[in-house]
Amino acid sequence: MSSDLLFSPFQLKSFTLRNRLGVAPMTRMSSPGDSIPRQDVFDFLVRRAENGASIVYTEAIVTDYESSQGYPRQSRMVTQKQIDAWSSVVEDIRDHGGISIMQMFHCGRMAWPEVNPAERSIAPSRIAPKQLNPMTGEAYPLPEEMSQFDIDHVINGFVETAKGAVLAGFDGVEIHGAHGYLINQFLSSYSNQRDDSYGGSVENRFRFAREVIDAVALVMPEDRLLTFRVSNWGIADMEVSLFDSAEDWQQMIGLLVRTPIDAISLSTYNFKDKAFGTDQTMSQLTREVTPLPLMICGQIYDRKSAEEALEFADIALSSKSILLNPNWVSDVRDGKELPLHKSEEAGVAYTDKPLP
Ligand SMILES: Cc1cc2nc3c(=O)[nH]c(=O)nc-3n(C[C@H](O)[C@H](O)[C@H](O)COP(=O)(O)O)c2cc1C
């Protein structure tokens, strides 16, 4: 691959990205009572644009006040005060040449009822994660199976939050369909054992994702982006393959391609890993069945890994490396020797220590 590709522009719908490196979505648990992040967390995002990142994702923003939240101090985008706070961040990111995308999610069975005003935990089926909640050291509660009313209500939460992001001026909105949270719970036969039209076949398990995407697309102006994040791994029960086979995965991506999204963001633990017992990586399997722009994430930490990741994707997102190193983009450009950070090092993201 030409070494210039990493720092060559990429056309994402009407946006010309200045390079192929972006900030992955990162939860910070930094929003106190009003669900607005601390100023230093906003400054961190703006600084990454100032230092060259072409895309800056927000943390995953929770979509409603009832049952979506999984961690303490998460942000929301449904009050004017929240919208106004984010709009100045969006402007600053734009002034520094980056584009901003708000990611939103509902935690489903990984919600933490105590931090949700309605204290509910809801999911496609009554199946709790096997793993303990790392925040409490206790078992996750058995979730309630979502009724049609719950499904429609939750979709509305995604729509309202997207409207907030549009008002705040975000260049795009991402629906978080990855990491074992609610949408991913519907997609996976592991956590979705419904016998109605939302369960069973890949097509049925995809129905909830499609309904969320279609509803959100209706409130997205033509000049904004709509992206979807997906993965085959979840935060809880890491060892479980959420999709049964490469065929199931590719069928699901095939369904995603027929929705009104503008790009797919593929999250992996390590972008180099071969998937589903095949000799292909997740990005190879995904690229094979989609013409959509593809973002890839997972242990991309230096120039070599970023170049390699772009062999089967268009944009490389970094989480831990760009979290801990404000000069990551220029260090990659310079081909500096850079460390592969461990998960524990990212714990600083959740403290009130301002990041560089
Ligand atoms: C502190 C932290 C917070 C994260 N929060 C989110 C999030 O809100 N939404 C999301 O989709 N992924 C989240 N992730 C996952 C990252 O976006 C990324 O997929 C993962 O860390 C692998 O990338 P890396 O190897 O570059 O760190 C988070 C990761 C970290 C380290």
# chains A, B, ... in the order shown; residues from 1 in each chain; ligands from 1

$ select_by_dssp --residues "range 183-316 of chain A" --states "helix (DSSP H, G or I)" --output "number ranges by chain"
A: 183-187, 202-217, 246-257, 282-288, 303-309

$ residues_near_ligand --ligand "ligand 1" --cutoff "8 Å" --atoms "only C-alpha atoms and all ligand atoms" --output "JSON, numbers by chain"
{"A": [24, 25, 26, 27, 28, 58, 59, 60, 61, 103, 176, 178, 179, 229, 267, 268, 269, 270, 297, 298, 299, 300, 301, 317, 318, 319, 320, 321, 322, 323, 341, 343, 346, 347, 348, 349, 350]}

$ closest_atom_pairs --of "range 232-272 of chain A" --to "range 278-284 of chain A" --cutoff "9 Å" --atoms "only C-alpha atoms" --output "Markdown table"
| residue | atom | partner | partner_atom | distance |
| --- | --- | --- | --- | --- |
| A:Asn232 | CA | A:Met282 | CA | 8.6 |
| A:Ala246 | CA | A:Thr278 | CA | 7.8 |
| A:Leu266 | CA | A:Ser283 | CA | 7.3 |
| A:Ser267 | CA | A:Met282 | CA | 8.9 |
| A:Thr268 | CA | A:Met282 | CA | 7.5 |
| A:Phe271 | CA | A:Thr281 | CA | 7.0 |
| A:Lys272 | CA | A:Thr281 | CA | 6.2 |

$ write_last_selection --atoms "N, CA and C atoms" --output "PDB file, in the first residue's frame"
ATOM      1  N   ASN A 232     -18.552  -8.488  16.617  1.00  0.00           N
ATOM      2  CA  ASN A 232     -18.908  -9.865  16.981  1.00  0.00           C
ATOM      3  C   ASN A 232     -18.508 -10.172  18.422  1.00  0.00           C
ATOM      4  N   ALA A 246     -19.578 -17.193   9.769  1.00  0.00           N
ATOM      5  CA  ALA A 246     -19.238 -16.136   8.800  1.00  0.00           C
ATOM      6  C   ALA A 246     -20.432 -15.854   7.890  1.00  0.00           C
ATOM      7  N   LEU A 266     -16.697  -0.966  12.061  1.00  0.00           N
ATOM      8  CA  LEU A 266     -16.509  -2.348  12.507  1.00  0.00           C
ATOM      9  C   LEU A 266     -15.553  -2.357  13.695  1.00  0.00           C
ATOM     10  N   SER A 267     -16.034  -2.837  14.806  1.00  0.00           N
ATOM     11  CA  SER A 267     -15.202  -2.877  16.006  1.00  0.00           C
ATOM     12  C   SER A 267     -14.707  -4.292  16.236  1.00  0.00           C
ATOM     13  N   THR A 268     -13.401  -4.432  16.352  1.00  0.00           N
ATOM     14  CA  THR A 268     -12.826  -5.752  16.643  1.00  0.00           C
ATOM     15  C   THR A 268     -11.936  -5.627  17.874  1.00  0.00           C
ATOM     16  N   PHE A 271      -7.797  -6.148  14.959  1.00  0.00           N
ATOM     17  CA  PHE A 271      -8.227  -6.152  13.558  1.00  0.00           C
ATOM     18  C   PHE A 271      -7.572  -7.268  12.752  1.00  0.00           C
ATOM     19  N   LYS A 272      -6.459  -7.811  13.279  1.00  0.00           N
ATOM     20  CA  LYS A 272      -5.733  -8.851  12.529  1.00  0.00           C
ATOM     21  C   LYS A 272      -6.298 -10.251  12.751  1.00  0.00           C
TER      22      LYS A 272
END

$ residues_around --residues "Tyr190 in chain A" --least-positions-apart "6" --cutoff "12 Å" --atoms "only C-alpha atoms" --output "PyMOL selection string"
chain A and resi 124-130+180+184+199-200+202+205+232-234+237+239-244

$ select_by_dssp --residues "range 89-171 of chain A" --states "strand (DSSP E)" --output "PyMOL selection string"
chain A and resi 99-105+122-123+132-133+138-139+144-145

$ residues_around --residues "range 42-48 of chain A" --least-positions-apart "6" --cutoff "12 Å" --atoms "only C-alpha atoms" --output "VMD selection string"
chain A and resid 21 to 28 30 to 31 36 54 to 59 75 85 to 102 318 to 319 321 to 330 349 353 to 356

$ closest_residue --among "A:Ser191, A:Gln82, A:Gln251, A:Thr290" --to "Phe206 in chain A" --atoms "only C-alpha atoms"
A:Gln251

$ atom_distance --atom1 "CA of Val212 in chain A" --atom2 "CA of Ile315 in chain A"
24.4 Å

$ closest_residue --among "A:Gln80, A:Arg194, A:Gln250, A:Ala123" --to "Ala168 in chain A" --atoms "only C-alpha atoms"
A:Gln80

$ residues_around --residues "range 158-165 of chain A" --least-positions-apart "2" --cutoff "10 Å" --atoms "only C-alpha atoms" --output "MDAnalysis selection string"
chainID A and resid 61:64 76:80 82:84 86:87 90 101:106 153:156 167:175 212:221 226

$ write_last_selection --atoms "N, CA and C atoms" --output "short mmCIF file (atom, residue, chain, number, x, y, z; two decimals), in the first residue's frame"
data_model
loop_
_atom_site.label_atom_id
_atom_site.label_comp_id
_atom_site.auth_asym_id
_atom_site.auth_seq_id
_atom_site.Cartn_x
_atom_site.Cartn_y
_atom_site.Cartn_z
N ILE A 61 -23.74 8.04 23.90
CA ILE A 61 -24.72 8.84 24.63
C ILE A 61 -25.97 7.99 24.83
N VAL A 62 -26.50 8.00 26.05
CA VAL A 62 -27.65 7.12 26.31
C VAL A 62 -28.95 7.76 25.80
N THR A 63 -29.85 6.90 25.34
CA THR A 63 -30.96 7.40 24.52
C THR A 63 -32.24 7.75 25.27
N ASP A 64 -32.39 7.32 26.50
CA ASP A 64 -33.61 7.73 27.19
C ASP A 64 -33.36 7.82 28.68
N ARG A 76 -26.39 12.70 27.93
CA ARG A 76 -27.61 12.63 27.13
C ARG A 76 -27.66 13.82 26.19
N MET A 77 -28.63 13.78 25.26
CA MET A 77 -28.73 14.84 24.24
C MET A 77 -30.20 15.19 24.02
N VAL A 78 -30.93 15.28 25.10
CA VAL A 78 -32.38 15.49 24.93
C VAL A 78 -32.92 16.72 25.66
N THR A 79 -32.02 17.54 26.22
CA THR A 79 -32.51 18.82 26.77
C THR A 79 -31.76 19.93 26.04
N GLN A 80 -32.36 21.12 26.01
CA GLN A 80 -31.72 22.23 25.31
C GLN A 80 -30.34 22.53 25.91
N GLN A 82 -28.28 20.41 27.29
CA GLN A 82 -27.32 19.41 26.81
C GLN A 82 -26.92 19.70 25.36
N ILE A 83 -27.92 20.05 24.55
CA ILE A 83 -27.67 20.34 23.13
C ILE A 83 -26.74 21.54 22.99
N ASP A 84 -27.01 22.59 23.75
CA ASP A 84 -26.18 23.80 23.68
C ASP A 84 -24.73 23.51 24.10
N TRP A 86 -23.08 20.72 23.83
CA TRP A 86 -22.37 19.97 22.79
C TRP A 86 -22.14 20.84 21.54
N SER A 87 -23.04 21.80 21.30
CA SER A 87 -22.92 22.53 20.02
C SER A 87 -21.63 23.34 19.95
N VAL A 90 -18.90 20.90 18.94
CA VAL A 90 -19.01 20.57 17.52
C VAL A 90 -18.38 21.68 16.67
N ILE A 101 -19.08 13.13 15.11
CA ILE A 101 -20.19 12.17 15.05
C ILE A 101 -20.61 11.80 16.47
N MET A 102 -21.90 11.93 16.73
CA MET A 102 -22.42 11.53 18.03
C MET A 102 -22.82 10.06 17.99
N GLN A 103 -22.27 9.28 18.91
CA GLN A 103 -22.70 7.87 19.00
C GLN A 103 -23.76 7.74 20.09
N MET A 104 -24.78 6.94 19.82
CA MET A 104 -25.83 6.76 20.85
C MET A 104 -26.16 5.27 21.01
N PHE A 105 -26.53 4.94 22.25
CA PHE A 105 -26.85 3.53 22.51
C PHE A 105 -27.83 3.36 23.66
N HIS A 106 -28.37 2.15 23.71
CA HIS A 106 -29.19 1.70 24.81
C HIS A 106 -28.51 0.42 25.31
N HIS A 153 -41.03 2.47 22.15
CA HIS A 153 -40.60 3.54 23.05
C HIS A 153 -39.09 3.73 22.95
N VAL A 154 -38.36 2.63 22.93
CA VAL A 154 -36.89 2.70 22.85
C VAL A 154 -36.46 3.30 21.51
N ILE A 155 -37.14 2.92 20.44
CA ILE A 155 -36.81 3.49 19.12
C ILE A 155 -36.98 5.00 19.17
N ASN A 156 -38.05 5.42 19.84
CA ASN A 156 -38.29 6.85 19.97
C ASN A 156 -37.15 7.57 20.70
N LEU A 167 -29.63 19.15 16.02
CA LEU A 167 -29.73 20.54 16.50
C LEU A 167 -28.39 21.06 17.00
N ALA A 168 -27.63 20.21 17.64
CA ALA A 168 -26.32 20.61 18.15
C ALA A 168 -25.32 20.84 17.01
N GLY A 169 -25.69 20.41 15.81
CA GLY A 169 -24.83 20.64 14.64
C GLY A 169 -23.88 19.51 14.30
N PHE A 170 -24.02 18.37 14.96
CA PHE A 170 -23.12 17.25 14.64
C PHE A 170 -23.16 16.92 13.15
N ASP A 171 -22.00 16.57 12.61
CA ASP A 171 -21.94 16.19 11.19
C ASP A 171 -22.56 14.82 10.97
N GLY A 172 -22.62 14.04 12.04
CA GLY A 172 -23.20 12.71 11.87
C GLY A 172 -23.69 12.13 13.18
N VAL A 173 -24.42 11.04 13.02
CA VAL A 173 -24.96 10.31 14.16
C VAL A 173 -24.61 8.84 13.93
N GLU A 174 -24.17 8.17 14.98
CA GLU A 174 -23.91 6.73 14.86
C GLU A 174 -24.83 5.95 15.79
N ILE A 175 -25.42 4.93 15.25
CA ILE A 175 -26.22 4.00 16.03
C ILE A 175 -25.28 2.88 16.47
N VAL A 212 -34.76 0.84 14.02
CA VAL A 212 -34.06 2.00 14.62
C VAL A 212 -33.45 2.85 13.51
N ILE A 213 -32.75 2.19 12.59
CA ILE A 213 -32.08 2.93 11.51
C ILE A 213 -33.11 3.71 10.69
N ASP A 214 -34.19 3.05 10.29
CA ASP A 214 -35.19 3.71 9.44
C ASP A 214 -35.81 4.91 10.15
N ALA A 215 -36.08 4.75 11.46
CA ALA A 215 -36.72 5.85 12.20
C ALA A 215 -35.75 7.02 12.36
N VAL A 216 -34.49 6.71 12.63
CA VAL A 216 -33.50 7.78 12.81
C VAL A 216 -33.23 8.47 11.47
N ALA A 217 -33.17 7.68 10.40
CA ALA A 217 -32.88 8.26 9.07
C ALA A 217 -33.90 9.34 8.71
N LEU A 218 -35.13 9.15 9.17
CA LEU A 218 -36.19 10.13 8.84
C LEU A 218 -35.91 11.51 9.43
N VAL A 219 -35.13 11.57 10.51
CA VAL A 219 -34.86 12.89 11.12
C VAL A 219 -33.46 13.41 10.79
N MET A 220 -32.75 12.68 9.93
CA MET A 220 -31.40 13.13 9.56
C MET A 220 -31.46 13.96 8.28
N PRO A 221 -31.02 15.22 8.34
CA PRO A 221 -30.97 16.00 7.10
C PRO A 221 -30.00 15.36 6.09
N LEU A 226 -25.10 9.18 8.63
CA LEU A 226 -25.68 8.19 9.54
C LEU A 226 -24.80 6.94 9.45
#

$ atom_distance --atom1 "CA of Ala263 in chain A" --atom2 "CA of Ala313 in chain A"
10.9 Å

$ residues_around --residues "Glu66 in chain A" --least-positions-apart "2" --cutoff "6 Å" --atoms "only C-alpha atoms" --output "VMD selection string"
chain A and resid 64 116 to 118

$ closest_residue --among "A:Gly137, A:Ile253, A:Ser197, A:Glu307" --to "Ser8 in chain A" --atoms "only C-alpha atoms"
A:Glu307

$ closest_residue --among "A:Pro72, A:Trp112, A:Leu294, A:Gly277" --to "Gln11 in chain A" --atoms "only C-alpha atoms"
A:Leu294
